[in-house]
Amino acid sequence: MAFLKTFVAAGLILAASIGSAVAQDHPEAVHIHDAYARVTGGIGKTGAAFFILHNNTQTDDRLVGAASDVAQRVELHTHKDAGDGVMKMVQIEGGIPLEAGADHALERGGDHVMLMGLTRELNDGDRFVVTLSFEKAGEVPVEIIVDNARPAEGGAMGHGHMKHGG
């Protein structure tokens with residue numbers, strides 16, 4: 001009987017610890033919708049990934065980084081007015097805040113994931129994975145499809161009049 005009590009107690013402790021780990025590292029904490037990329041050409045060129053983040057929790061989070069084997073460098077970027085009517089792409093310092101229950105669009109003309117030094121050629125319809133890193137949600141892999149023909153989101157300016165730099 002003592003063995004049975006010990007066995008049941010151990011099982012309950014294990015179940016409680018597994019439940020706690022799942023709750024903290026729940027894959028549904030951040031949803032990623034409508035993920036696509038545009039690329040400028042073959043190996044060594046650049047590309048950018050766009051999508052909508054949704055924080056499905058009641059706690060603020062922050063996108064702090066991204067990684068992918070399709071590029072030598074992967075960075076969070078945004079656009080800023082250079083003061084001469086030209087938008088300039090710059091790396092985002094400190095990440096992208098994502099409020100509890102809110103959406104944040106990474107779109108052309110705004111925040112996006114920059115892929116620099118492509119390690120392989122990417123063509124329309126190709127798929128690849130970018131792993132997003134969040135302060136609280138941890139690492140979230142996202143499958144992205146290359147769609148160079150996709151029009152810019154409402155009001156976004158695309159890649160026309162920009163300078164790239166820091």
# chains A, B, ... in the order shown; residues from 1 in each chain; ligands from 1
>>> residues_around(residues="Leu118 in chain A", least_positions_apart="6", cutoff="12 Å", atoms="only C-alpha atoms", output="number ranges by chain")
A: 38-48, 68-74, 128
>>> write_last_selection(atoms="N, CA and C atoms", output="compact mmCIF listing (two decimals), in the first residue's frame")
# COMPACT_ATOMS: atom_id res chain seq x y z
N ARG A 38 9.39 38.75 -49.68
CA ARG A 38 9.80 39.24 -51.00
C ARG A 38 11.33 39.21 -51.02
N VAL A 39 11.89 38.84 -52.15
CA VAL A 39 13.35 38.76 -52.27
C VAL A 39 13.80 39.53 -53.50
N THR A 40 15.08 39.99 -53.45
CA THR A 40 15.61 40.80 -54.55
C THR A 40 16.37 39.99 -55.58
N GLY A 41 16.65 38.73 -55.31
CA GLY A 41 17.39 37.96 -56.30
C GLY A 41 17.96 36.69 -55.73
N GLY A 42 19.09 36.30 -56.28
CA GLY A 42 19.71 35.01 -55.95
C GLY A 42 20.55 35.04 -54.69
N ILE A 43 21.49 34.11 -54.64
CA ILE A 43 22.37 33.94 -53.47
C ILE A 43 23.12 35.24 -53.20
N GLY A 44 23.20 35.60 -51.92
CA GLY A 44 23.91 36.80 -51.51
C GLY A 44 23.05 38.05 -51.50
N LYS A 45 21.88 37.99 -52.08
CA LYS A 45 20.99 39.16 -52.15
C LYS A 45 20.20 39.27 -50.85
N THR A 46 19.18 40.12 -50.87
CA THR A 46 18.39 40.36 -49.66
C THR A 46 16.93 39.99 -49.87
N GLY A 47 16.22 39.96 -48.76
CA GLY A 47 14.78 39.74 -48.78
C GLY A 47 14.19 40.28 -47.49
N ALA A 48 12.89 40.26 -47.41
CA ALA A 48 12.21 40.72 -46.21
C ALA A 48 10.98 39.86 -45.99
N SER A 68 17.21 32.46 -39.33
CA SER A 68 16.85 31.55 -40.41
C SER A 68 18.12 31.09 -41.11
N ASP A 69 18.09 29.86 -41.60
CA ASP A 69 19.26 29.35 -42.33
C ASP A 69 19.29 29.83 -43.78
N VAL A 70 18.29 30.62 -44.22
CA VAL A 70 18.30 31.11 -45.60
C VAL A 70 19.06 32.42 -45.74
N ALA A 71 19.56 32.99 -44.63
CA ALA A 71 20.29 34.25 -44.71
C ALA A 71 21.46 34.25 -43.74
N GLN A 72 22.52 34.96 -44.13
CA GLN A 72 23.68 35.10 -43.25
C GLN A 72 23.34 35.94 -42.02
N ARG A 73 22.49 36.97 -42.22
CA ARG A 73 22.04 37.81 -41.10
C ARG A 73 20.54 38.01 -41.20
N VAL A 74 19.88 37.94 -40.04
CA VAL A 74 18.44 38.18 -39.97
C VAL A 74 18.23 39.20 -38.86
N PHE A 128 10.33 28.64 -46.53
CA PHE A 128 11.44 28.52 -45.60
C PHE A 128 10.94 28.88 -44.20
>>> residues_around(residues="Glu135 in chain A", least_positions_apart="2", cutoff="7 Å", atoms="only C-alpha atoms", output="JSON, numbers by chain")
{"A": [61, 62, 63, 64, 133, 137, 138]}
>>> closest_residue(among="A:Met87, A:Ile96, A:Ala105, A:Ala149", to="Ile52 in chain A", atoms="only C-alpha atoms")
A:Ala105
>>> residues_around(residues="range 49-51 of chain A", least_positions_apart="4", cutoff="6 Å", atoms="only C-alpha atoms", output="PyMOL selection string")
chain A and resi 33-37+106-107+112-113
>>> atom_distance(atom1="CA of Gly109 in chain A", atom2="CA of Leu76 in chain A")
13.1 Å
>>> atom_distance(atom1="CA of Leu122 in chain A", atom2="CA of Phe134 in chain A")
26.1 Å
>>> residues_around(residues="Asp60 in chain A", least_positions_apart="4", cutoff="10 Å", atoms="only C-alpha atoms", output="NGL selection string")
:A and (55-56 or 97-102 or 135-136)
